[in-house]
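Read the structure below first, then the notes.
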Amino acid sequence: MSVGLDSDAEWTTLHEEITRRGDVWVGVSAQRIGVQGGPVLVPVTGAAGLAGKGLTAIDPARYGTLNHPGDGFSYDILTQVARAVRGGAGLDGLRPQRLIAAGESQSAYALVTYHSGVQPLTHAFDGFLVHSRGATGLGLVGPGENADLVSVLNDTPTIFRTDLDAPVLDVQTESDLTGVLDSARARQPDNPRLRLWEVAGTAHADARLLGPAAAVLDCGVPINNGPLHFVAKAALRALAVWLTTGAQPPVAPRIEVAAGGEPHITRDADGIAVGGIRTPPVDVPVSALSGAGGPNTSTICALAGSSRPFTSSRLGELYSSTADYRRRYDEAAKSAVDSGFILTADLESLLNAADTTGITS
């Protein structure tokens, strides 16, 4: 929503896992800007012709009669859709066994608010997959108004309630922890209804999520093309298992955030974050995958992170040969699967992501 368009961020991230498990994804245009337009907080090259217009202006023949009552009603819209889907609406009579609410970025802010204030009243969802939240929840507004994300960025941190039945799995990228989102302020201990997974070497808006827009984005360095989607799919599976069997997801190490002054991520000599969930492209690197952006200080570049390729000399210091790199990468991949943060179903794709370019010996 912050880019001014109703987007399918969770489908983009999770669709392989959703389809191979035979699950159903339902996209909900709950916020006003997606339907009737509004202010664009994060301009993205390539979306300028559509951003901020809303469906009623983009496709008036189909959506022109819609009238969104304002973001204060978005939580009820989500609830009504959940109730309809649970009753079999749109599913050719099928009735879902479990409903998971999932949202990324501004939608994650809204889910934080929903979980704390609406779920206790409606019990509409069985679980919550919160992806890239900020430190606070999304605020409430009056009729006809758009949610004002900027006004809540520096508010008192909002943590997840611990007295609800529906569990929460919160997946945070490295760049979510500091900077604009500053979600490290809202960290809380894991508990029997909450898991927090922080993924090193990942960014809020990476190359996979941005899609074709990534190719025209000039941030001064290549943007992050890290492995967040692999971990997010494992998170969805872990949440589903949690709901069906009661088996809790693994506890993940936290990324090291240095306190004092301006909070910042602790990094190794190559600029790679210390701590957090580790994956082969991070622990057996050929580039420095980071949540930190490039020299272009635009908001979207700050959220897109970076992928800084290593020099040939650095690669030579790290790996004695292509076979050495390949062996270590494969071992790291299998370790990530054993830890529960990568799915066996994604192992082949992760192995195929190994990059021997530049390793000459």
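By order of appearance in the structure tokens: chains A, B, ..., then residues from 1 within every chain, and ligands from 1 in the order shown.
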Excluding region 335-340 of chain A and any residue of its chain fewer than 2 positions from it, enumerate the residues within 12 Å of it, using only C-alpha atoms, and give them as an mmCIF file with N, CA and C atoms, in the first residue's frame.
```
data_model
loop_
_atom_site.group_PDB
_atom_site.id
_atom_site.type_symbol
_atom_site.label_atom_id
_atom_site.label_comp_id
_atom_site.auth_asym_id
_atom_site.auth_seq_id
_atom_site.Cartn_x
_atom_site.Cartn_y
_atom_site.Cartn_z
ATOM 1 N N TRP A 197 11.069 -14.570 13.826
ATOM 2 C CA TRP A 197 12.159 -15.021 12.970
ATOM 3 C C TRP A 197 12.760 -13.806 12.260
ATOM 4 N N VAL A 199 15.745 -12.605 9.705
ATOM 5 C CA VAL A 199 16.505 -13.291 8.660
ATOM 6 C C VAL A 199 17.659 -12.415 8.195
ATOM 7 N N PRO A 227 17.615 -14.484 0.264
ATOM 8 C CA PRO A 227 16.800 -15.699 0.324
ATOM 9 C C PRO A 227 15.590 -15.594 1.241
ATOM 10 N N PHE A 230 12.602 -18.095 0.796
ATOM 11 C CA PHE A 230 12.780 -19.473 1.249
ATOM 12 C C PHE A 230 12.381 -19.613 2.716
ATOM 13 N N VAL A 231 12.825 -18.680 3.539
ATOM 14 C CA VAL A 231 12.519 -18.736 4.967
ATOM 15 C C VAL A 231 11.037 -18.449 5.210
ATOM 16 N N ALA A 232 10.464 -17.520 4.460
ATOM 17 C CA ALA A 232 9.044 -17.189 4.631
ATOM 18 C C ALA A 232 8.158 -18.387 4.324
ATOM 19 N N LYS A 233 8.525 -19.174 3.307
ATOM 20 C CA LYS A 233 7.733 -20.366 3.003
ATOM 21 C C LYS A 233 7.838 -21.396 4.125
ATOM 22 N N ALA A 234 9.022 -21.507 4.719
ATOM 23 C CA ALA A 234 9.163 -22.390 5.877
ATOM 24 C C ALA A 234 8.338 -21.882 7.055
ATOM 25 N N ALA A 235 8.221 -20.563 7.173
ATOM 26 C CA ALA A 235 7.412 -19.987 8.244
ATOM 27 C C ALA A 235 5.931 -20.316 8.060
ATOM 28 N N LEU A 236 5.446 -20.209 6.831
ATOM 29 C CA LEU A 236 4.052 -20.550 6.570
ATOM 30 C C LEU A 236 3.788 -22.014 6.899
ATOM 31 N N ARG A 237 4.689 -22.904 6.490
ATOM 32 C CA ARG A 237 4.523 -24.325 6.787
ATOM 33 C C ARG A 237 4.558 -24.555 8.306
ATOM 34 N N ALA A 238 5.491 -23.893 8.997
ATOM 35 C CA ALA A 238 5.610 -24.063 10.444
ATOM 36 C C ALA A 238 4.360 -23.587 11.160
ATOM 37 N N LEU A 239 3.773 -22.498 10.675
ATOM 38 C CA LEU A 239 2.548 -21.990 11.282
ATOM 39 C C LEU A 239 1.396 -22.963 11.043
ATOM 40 N N VAL A 241 1.596 -26.201 10.596
ATOM 41 C CA VAL A 241 1.825 -27.368 11.465
ATOM 42 C C VAL A 241 1.473 -27.029 12.911
ATOM 43 N N GLN A 248 5.337 -26.602 18.004
ATOM 44 C CA GLN A 248 5.745 -25.211 17.868
ATOM 45 C C GLN A 248 6.926 -25.055 16.913
ATOM 46 N N PRO A 249 6.985 -23.945 16.182
ATOM 47 C CA PRO A 249 8.115 -23.698 15.284
ATOM 48 C C PRO A 249 9.410 -23.566 16.076
ATOM 49 N N PRO A 250 10.550 -23.782 15.409
ATOM 50 C CA PRO A 250 11.825 -23.618 16.115
ATOM 51 C C PRO A 250 12.031 -22.175 16.564
ATOM 52 N N VAL A 251 12.746 -22.033 17.661
ATOM 53 C CA VAL A 251 13.138 -20.704 18.139
ATOM 54 C C VAL A 251 14.341 -20.246 17.326
ATOM 55 N N ALA A 252 14.292 -19.024 16.819
ATOM 56 C CA ALA A 252 15.354 -18.521 15.949
ATOM 57 C C ALA A 252 16.270 -17.568 16.706
ATOM 58 N N PRO A 253 17.555 -17.570 16.388
ATOM 59 C CA PRO A 253 18.454 -16.564 16.964
ATOM 60 C C PRO A 253 18.100 -15.181 16.430
ATOM 61 N N ILE A 277 18.595 -15.790 11.509
ATOM 62 C CA ILE A 277 18.494 -17.020 10.720
ATOM 63 C C ILE A 277 19.503 -16.950 9.584
ATOM 64 N N ARG A 278 20.300 -17.991 9.441
ATOM 65 C CA ARG A 278 21.370 -18.015 8.447
ATOM 66 C C ARG A 278 20.988 -18.928 7.278
ATOM 67 N N THR A 279 21.383 -18.534 6.091
ATOM 68 C CA THR A 279 21.135 -19.303 4.877
ATOM 69 C C THR A 279 22.441 -19.395 4.092
ATOM 70 N N PRO A 280 22.554 -20.315 3.136
ATOM 71 C CA PRO A 280 23.810 -20.467 2.393
ATOM 72 C C PRO A 280 24.320 -19.189 1.714
ATOM 73 N N PRO A 281 23.479 -18.375 1.064
ATOM 74 C CA PRO A 281 24.028 -17.166 0.453
ATOM 75 C C PRO A 281 24.613 -16.172 1.464
ATOM 76 N N VAL A 282 24.261 -16.348 2.739
ATOM 77 C CA VAL A 282 24.779 -15.466 3.791
ATOM 78 C C VAL A 282 26.029 -16.064 4.437
ATOM 79 N N ASP A 283 26.007 -17.365 4.718
ATOM 80 C CA ASP A 283 27.133 -17.995 5.396
ATOM 81 C C ASP A 283 28.203 -18.519 4.450
ATOM 82 N N ARG A 328 30.839 -26.429 0.602
ATOM 83 C CA ARG A 328 30.435 -25.655 1.778
ATOM 84 C C ARG A 328 29.019 -25.113 1.624
ATOM 85 N N TYR A 329 28.666 -24.700 0.418
ATOM 86 C CA TYR A 329 27.310 -24.200 0.162
ATOM 87 C C TYR A 329 26.290 -25.311 0.382
ATOM 88 N N ASP A 330 26.565 -26.487 -0.166
ATOM 89 C CA ASP A 330 25.632 -27.608 -0.023
ATOM 90 C C ASP A 330 25.467 -27.994 1.443
ATOM 91 N N GLU A 331 26.561 -27.997 2.197
ATOM 92 C CA GLU A 331 26.477 -28.318 3.623
ATOM 93 C C GLU A 331 25.628 -27.298 4.364
ATOM 94 N N ALA A 332 25.800 -26.015 4.025
ATOM 95 C CA ALA A 332 25.008 -24.966 4.673
ATOM 96 C C ALA A 332 23.528 -25.103 4.335
ATOM 97 N N ALA A 333 23.226 -25.508 3.101
ATOM 98 C CA ALA A 333 21.832 -25.688 2.692
ATOM 99 C C ALA A 333 21.183 -26.809 3.485
ATOM 100 N N ILE A 342 14.412 -23.781 6.371
ATOM 101 C CA ILE A 342 14.248 -23.992 4.929
ATOM 102 C C ILE A 342 13.513 -25.316 4.764
ATOM 103 N N LEU A 343 12.582 -25.379 3.830
ATOM 104 C CA LEU A 343 11.823 -26.598 3.591
ATOM 105 C C LEU A 343 12.591 -27.562 2.686
ATOM 106 N N THR A 344 12.427 -28.855 2.944
ATOM 107 C CA THR A 344 13.014 -29.867 2.066
ATOM 108 C C THR A 344 12.531 -29.674 0.635
ATOM 109 N N ALA A 345 11.282 -29.252 0.489
ATOM 110 C CA ALA A 345 10.724 -29.029 -0.851
ATOM 111 C C ALA A 345 11.430 -27.913 -1.605
ATOM 112 N N ASP A 346 12.129 -27.022 -0.889
ATOM 113 C CA ASP A 346 12.835 -25.910 -1.522
ATOM 114 C C ASP A 346 14.336 -26.147 -1.620
ATOM 115 N N LEU A 347 14.796 -27.300 -1.152
ATOM 116 C CA LEU A 347 16.237 -27.548 -1.127
ATOM 117 C C LEU A 347 16.841 -27.499 -2.524
ATOM 118 N N GLU A 348 16.192 -28.122 -3.493
ATOM 119 C CA GLU A 348 16.745 -28.128 -4.849
ATOM 120 C C GLU A 348 16.872 -26.716 -5.399
ATOM 121 N N LEU A 350 17.175 -23.977 -3.688
ATOM 122 C CA LEU A 350 18.228 -23.290 -2.946
ATOM 123 C C LEU A 350 19.606 -23.723 -3.438
ATOM 124 N N LEU A 351 19.770 -25.008 -3.705
ATOM 125 C CA LEU A 351 21.046 -25.495 -4.229
ATOM 126 C C LEU A 351 21.333 -24.906 -5.612
#
```
- Message: Please return, as an MDAnalysis selection string, all residues of region 108-266 of chain A that DSSP assigns to alpha helix (DSSP H) on the basis of the backbone.
- Response: chainID A and resid 108:117 119:122 207:210 228:245
Can I get the selected residues back with N, CA, C and O atoms, as a compact mmCIF listing (two decimals), in the first residue's frame?
```txt
# COMPACT_ATOMS: atom_id res chain seq x y z
N ALA A 108 1.20 -5.45 7.35
CA ALA A 108 1.67 -6.04 8.61
C ALA A 108 1.41 -5.10 9.78
O ALA A 108 1.05 -5.55 10.87
N TYR A 109 1.62 -3.81 9.57
CA TYR A 109 1.24 -2.84 10.60
C TYR A 109 -0.24 -3.02 10.97
O TYR A 109 -0.61 -3.01 12.14
N ALA A 110 -1.08 -3.16 9.94
CA ALA A 110 -2.52 -3.30 10.18
C ALA A 110 -2.83 -4.61 10.91
O ALA A 110 -3.71 -4.65 11.77
N LEU A 111 -2.09 -5.68 10.60
CA LEU A 111 -2.33 -6.94 11.30
C LEU A 111 -1.94 -6.86 12.77
O LEU A 111 -2.56 -7.52 13.61
N VAL A 112 -0.93 -6.07 13.09
CA VAL A 112 -0.57 -5.87 14.50
C VAL A 112 -1.75 -5.25 15.24
O VAL A 112 -2.12 -5.69 16.34
N THR A 113 -2.37 -4.25 14.64
CA THR A 113 -3.55 -3.62 15.24
C THR A 113 -4.71 -4.60 15.31
O THR A 113 -5.41 -4.68 16.33
N TYR A 114 -4.92 -5.34 14.22
CA TYR A 114 -6.02 -6.30 14.19
C TYR A 114 -5.85 -7.35 15.27
O TYR A 114 -6.81 -7.68 16.01
N HIS A 115 -4.66 -7.90 15.39
CA HIS A 115 -4.41 -8.96 16.37
C HIS A 115 -4.70 -8.49 17.79
O HIS A 115 -5.33 -9.21 18.58
N SER A 116 -4.30 -7.27 18.11
CA SER A 116 -4.46 -6.78 19.48
C SER A 116 -5.88 -6.34 19.80
O SER A 116 -6.37 -6.58 20.91
N GLY A 117 -6.54 -5.71 18.80
CA GLY A 117 -7.81 -5.07 19.12
C GLY A 117 -9.06 -5.69 18.54
O GLY A 117 -10.16 -5.49 19.07
N GLN A 119 -9.12 -9.22 16.78
CA GLN A 119 -9.15 -10.68 16.93
C GLN A 119 -9.77 -11.13 18.26
O GLN A 119 -10.54 -12.10 18.28
N PRO A 120 -9.51 -10.44 19.39
CA PRO A 120 -10.14 -10.88 20.64
C PRO A 120 -11.66 -10.80 20.62
O PRO A 120 -12.33 -11.50 21.38
N LEU A 121 -12.21 -9.96 19.73
CA LEU A 121 -13.66 -9.80 19.63
C LEU A 121 -14.27 -10.74 18.60
O LEU A 121 -15.40 -11.22 18.78
N THR A 122 -13.53 -10.98 17.52
CA THR A 122 -14.11 -11.73 16.39
C THR A 122 -13.66 -13.19 16.33
O THR A 122 -14.39 -14.03 15.80
N ALA A 207 14.59 -8.02 -4.58
CA ALA A 207 14.41 -8.14 -6.03
C ALA A 207 13.21 -9.01 -6.38
O ALA A 207 12.49 -8.73 -7.34
N ARG A 208 12.98 -10.07 -5.62
CA ARG A 208 11.83 -10.93 -5.90
C ARG A 208 10.53 -10.18 -5.69
O ARG A 208 9.60 -10.27 -6.51
N LEU A 209 10.44 -9.44 -4.60
CA LEU A 209 9.20 -8.75 -4.28
C LEU A 209 8.92 -7.61 -5.26
O LEU A 209 7.78 -7.39 -5.67
N LEU A 210 9.96 -6.89 -5.67
CA LEU A 210 9.77 -5.76 -6.58
C LEU A 210 9.53 -6.22 -8.02
O LEU A 210 8.97 -5.46 -8.81
N LEU A 228 15.03 -14.40 1.42
CA LEU A 228 13.91 -14.24 2.35
C LEU A 228 12.76 -15.18 2.01
O LEU A 228 12.14 -15.77 2.90
N HIS A 229 12.44 -15.32 0.73
CA HIS A 229 11.26 -16.09 0.36
C HIS A 229 11.38 -17.56 0.78
O HIS A 229 10.38 -18.20 1.12
N PHE A 230 12.60 -18.09 0.80
CA PHE A 230 12.78 -19.47 1.25
C PHE A 230 12.38 -19.61 2.72
O PHE A 230 11.69 -20.56 3.10
N VAL A 231 12.83 -18.68 3.54
CA VAL A 231 12.52 -18.74 4.97
C VAL A 231 11.04 -18.45 5.21
O VAL A 231 10.40 -19.07 6.07
N ALA A 232 10.46 -17.52 4.46
CA ALA A 232 9.04 -17.19 4.63
C ALA A 232 8.16 -18.39 4.32
O ALA A 232 7.14 -18.61 5.00
N LYS A 233 8.52 -19.17 3.31
CA LYS A 233 7.73 -20.37 3.00
C LYS A 233 7.84 -21.40 4.13
O LYS A 233 6.85 -22.07 4.46
N ALA A 234 9.02 -21.51 4.72
CA ALA A 234 9.16 -22.39 5.88
C ALA A 234 8.34 -21.88 7.05
O ALA A 234 7.79 -22.68 7.83
N ALA A 235 8.22 -20.56 7.17
CA ALA A 235 7.41 -19.99 8.24
C ALA A 235 5.93 -20.32 8.06
O ALA A 235 5.24 -20.66 9.02
N LEU A 236 5.45 -20.21 6.83
CA LEU A 236 4.05 -20.55 6.57
C LEU A 236 3.79 -22.01 6.90
O LEU A 236 2.77 -22.35 7.53
N ARG A 237 4.69 -22.90 6.49
CA ARG A 237 4.52 -24.32 6.79
C ARG A 237 4.56 -24.55 8.31
O ARG A 237 3.74 -25.30 8.85
N ALA A 238 5.49 -23.89 9.00
CA ALA A 238 5.61 -24.06 10.44
C ALA A 238 4.36 -23.59 11.16
O ALA A 238 3.90 -24.21 12.13
N LEU A 239 3.77 -22.50 10.68
CA LEU A 239 2.55 -21.99 11.28
C LEU A 239 1.40 -22.96 11.04
O LEU A 239 0.59 -23.23 11.96
N ALA A 240 1.30 -23.51 9.84
CA ALA A 240 0.24 -24.48 9.54
C ALA A 240 0.37 -25.72 10.42
O ALA A 240 -0.63 -26.24 10.94
N VAL A 241 1.60 -26.20 10.60
CA VAL A 241 1.83 -27.37 11.46
C VAL A 241 1.47 -27.03 12.91
O VAL A 241 0.88 -27.84 13.63
N TRP A 242 1.83 -25.82 13.34
CA TRP A 242 1.50 -25.35 14.68
C TRP A 242 0.00 -25.43 14.92
O TRP A 242 -0.48 -25.86 15.97
N LEU A 243 -0.77 -25.00 13.92
CA LEU A 243 -2.23 -24.98 14.05
C LEU A 243 -2.83 -26.38 14.03
O LEU A 243 -3.86 -26.62 14.67
N THR A 244 -2.22 -27.28 13.28
CA THR A 244 -2.83 -28.60 13.12
C THR A 244 -2.37 -29.62 14.16
O THR A 244 -3.14 -30.49 14.56
N THR A 245 -1.13 -29.52 14.60
CA THR A 245 -0.59 -30.54 15.52
C THR A 245 -0.19 -29.98 16.87
O THR A 245 0.03 -30.76 17.81
```
- For Gly142 (chain A), please output as a PyMOL selection string all residues within 10 Å (counting only C-alpha atoms; exclusion window: fewer than 4 positions along the same chain). chain A and resi 69-73+146-147
Give me a file of those residues, with all heavy atoms, as a PDB file, in the first residue's frame.
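Produced file out.pdb, reproduced below:
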```
ATOM      1  N   PRO A  69     -15.466   2.974   2.634  1.00  0.00           N
ATOM      2  CA  PRO A  69     -15.889   3.902   3.678  1.00  0.00           C
ATOM      3  C   PRO A  69     -14.761   4.510   4.493  1.00  0.00           C
ATOM      4  O   PRO A  69     -15.001   5.375   5.333  1.00  0.00           O
ATOM      5  CB  PRO A  69     -16.770   3.015   4.574  1.00  0.00           C
ATOM      6  CG  PRO A  69     -16.226   1.643   4.393  1.00  0.00           C
ATOM      7  CD  PRO A  69     -15.787   1.572   2.956  1.00  0.00           C
ATOM      8  N   GLY A  70     -13.512   4.081   4.262  1.00  0.00           N
ATOM      9  CA  GLY A  70     -12.394   4.626   5.021  1.00  0.00           C
ATOM     10  C   GLY A  70     -11.667   3.540   5.789  1.00  0.00           C
ATOM     11  O   GLY A  70     -12.222   2.489   6.115  1.00  0.00           O
ATOM     12  N   ASP A  71     -10.395   3.789   6.109  1.00  0.00           N
ATOM     13  CA  ASP A  71      -9.561   2.755   6.701  1.00  0.00           C
ATOM     14  C   ASP A  71      -9.955   2.388   8.128  1.00  0.00           C
ATOM     15  O   ASP A  71      -9.519   1.353   8.631  1.00  0.00           O
ATOM     16  CB  ASP A  71      -8.095   3.178   6.660  1.00  0.00           C
ATOM     17  CG  ASP A  71      -7.493   2.986   5.279  1.00  0.00           C
ATOM     18  OD1 ASP A  71      -8.020   2.161   4.513  1.00  0.00           O
ATOM     19  OD2 ASP A  71      -6.503   3.665   4.961  1.00  0.00           O
ATOM     20  N   GLY A  72     -10.757   3.207   8.766  1.00  0.00           N
ATOM     21  CA  GLY A  72     -11.286   2.799  10.054  1.00  0.00           C
ATOM     22  C   GLY A  72     -12.161   1.565   9.940  1.00  0.00           C
ATOM     23  O   GLY A  72     -12.364   0.831  10.921  1.00  0.00           O
ATOM     24  N   PHE A  73     -12.663   1.299   8.731  1.00  0.00           N
ATOM     25  CA  PHE A  73     -13.520   0.129   8.484  1.00  0.00           C
ATOM     26  C   PHE A  73     -12.742  -1.058   7.909  1.00  0.00           C
ATOM     27  O   PHE A  73     -13.321  -2.119   7.677  1.00  0.00           O
ATOM     28  CB  PHE A  73     -14.647   0.503   7.510  1.00  0.00           C
ATOM     29  CG  PHE A  73     -15.606   1.524   8.049  1.00  0.00           C
ATOM     30  CD1 PHE A  73     -15.339   2.879   7.949  1.00  0.00           C
ATOM     31  CD2 PHE A  73     -16.783   1.130   8.671  1.00  0.00           C
ATOM     32  CE1 PHE A  73     -16.221   3.824   8.444  1.00  0.00           C
ATOM     33  CE2 PHE A  73     -17.675   2.066   9.176  1.00  0.00           C
ATOM     34  CZ  PHE A  73     -17.393   3.420   9.067  1.00  0.00           C
ATOM     35  N   ASN A 146      -7.932   7.970   4.891  1.00  0.00           N
ATOM     36  CA  ASN A 146      -6.902   6.971   4.669  1.00  0.00           C
ATOM     37  C   ASN A 146      -6.053   6.829   5.925  1.00  0.00           C
ATOM     38  O   ASN A 146      -5.839   7.800   6.648  1.00  0.00           O
ATOM     39  CB  ASN A 146      -5.998   7.367   3.495  1.00  0.00           C
ATOM     40  CG  ASN A 146      -6.680   7.224   2.159  1.00  0.00           C
ATOM     41  OD1 ASN A 146      -7.783   7.713   1.960  1.00  0.00           O
ATOM     42  ND2 ASN A 146      -6.022   6.569   1.221  1.00  0.00           N
ATOM     43  N   ALA A 147      -5.565   5.632   6.184  1.00  0.00           N
ATOM     44  CA  ALA A 147      -4.669   5.421   7.316  1.00  0.00           C
ATOM     45  C   ALA A 147      -3.414   6.262   7.147  1.00  0.00           C
ATOM     46  O   ALA A 147      -2.894   6.407   6.041  1.00  0.00           O
ATOM     47  CB  ALA A 147      -4.302   3.945   7.418  1.00  0.00           C
TER      48      ALA A 147
END
```
- Going by DSSP on the backbone, which bits of region 246-341 of chain A are strand (DSSP E)? Write them as a PyMOL selection string, please. chain A and resi 257-258+264-265+287-290+306-309
- Item | Å distance separating CA of Gly127 (chain A) from CA of Ala101 (chain A), one decimal place | 6.4 Å
- Residue among A:Ala135, A:Leu194, A:Asp270, A:Ala288 lying closest to Asn224 (chain A), counting only C-alpha atoms: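 That would be A:Ala288, the residue with the smallest distance to Asn224 (chain A).
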- Note on the structure: Using only C-alpha atoms, the residue out of A:Asn296, A:Asn67, A:Thr162, A:Ser287 with shortest distance to Asp218 (chain A) is A:Asn296
- Task: Please measure the separation of CA of Pro222 (chain A) and CA of Ser306 (chain A), giving the value in Å to one decimal.
- Result: 5.7 Å
- Message: Using only C-alpha atoms, can you tell me which of A:Ile100, A:Leu140, A:Leu94, A:Ile265 comes closest to Ala82 (chain A)?
- Response: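 Looking only at the distances to Ala82 (chain A), the closest residue turns out to be A:Ile100.
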- Query: Which of these residues is nearest to Thr360 (chain A), using only C-alpha atoms: A:Lys334, A:Gln172, A:Leu149, A:Glu317?
  - Reply: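 Ranked by minimum distance to Thr360 (chain A), first place goes to A:Glu317.
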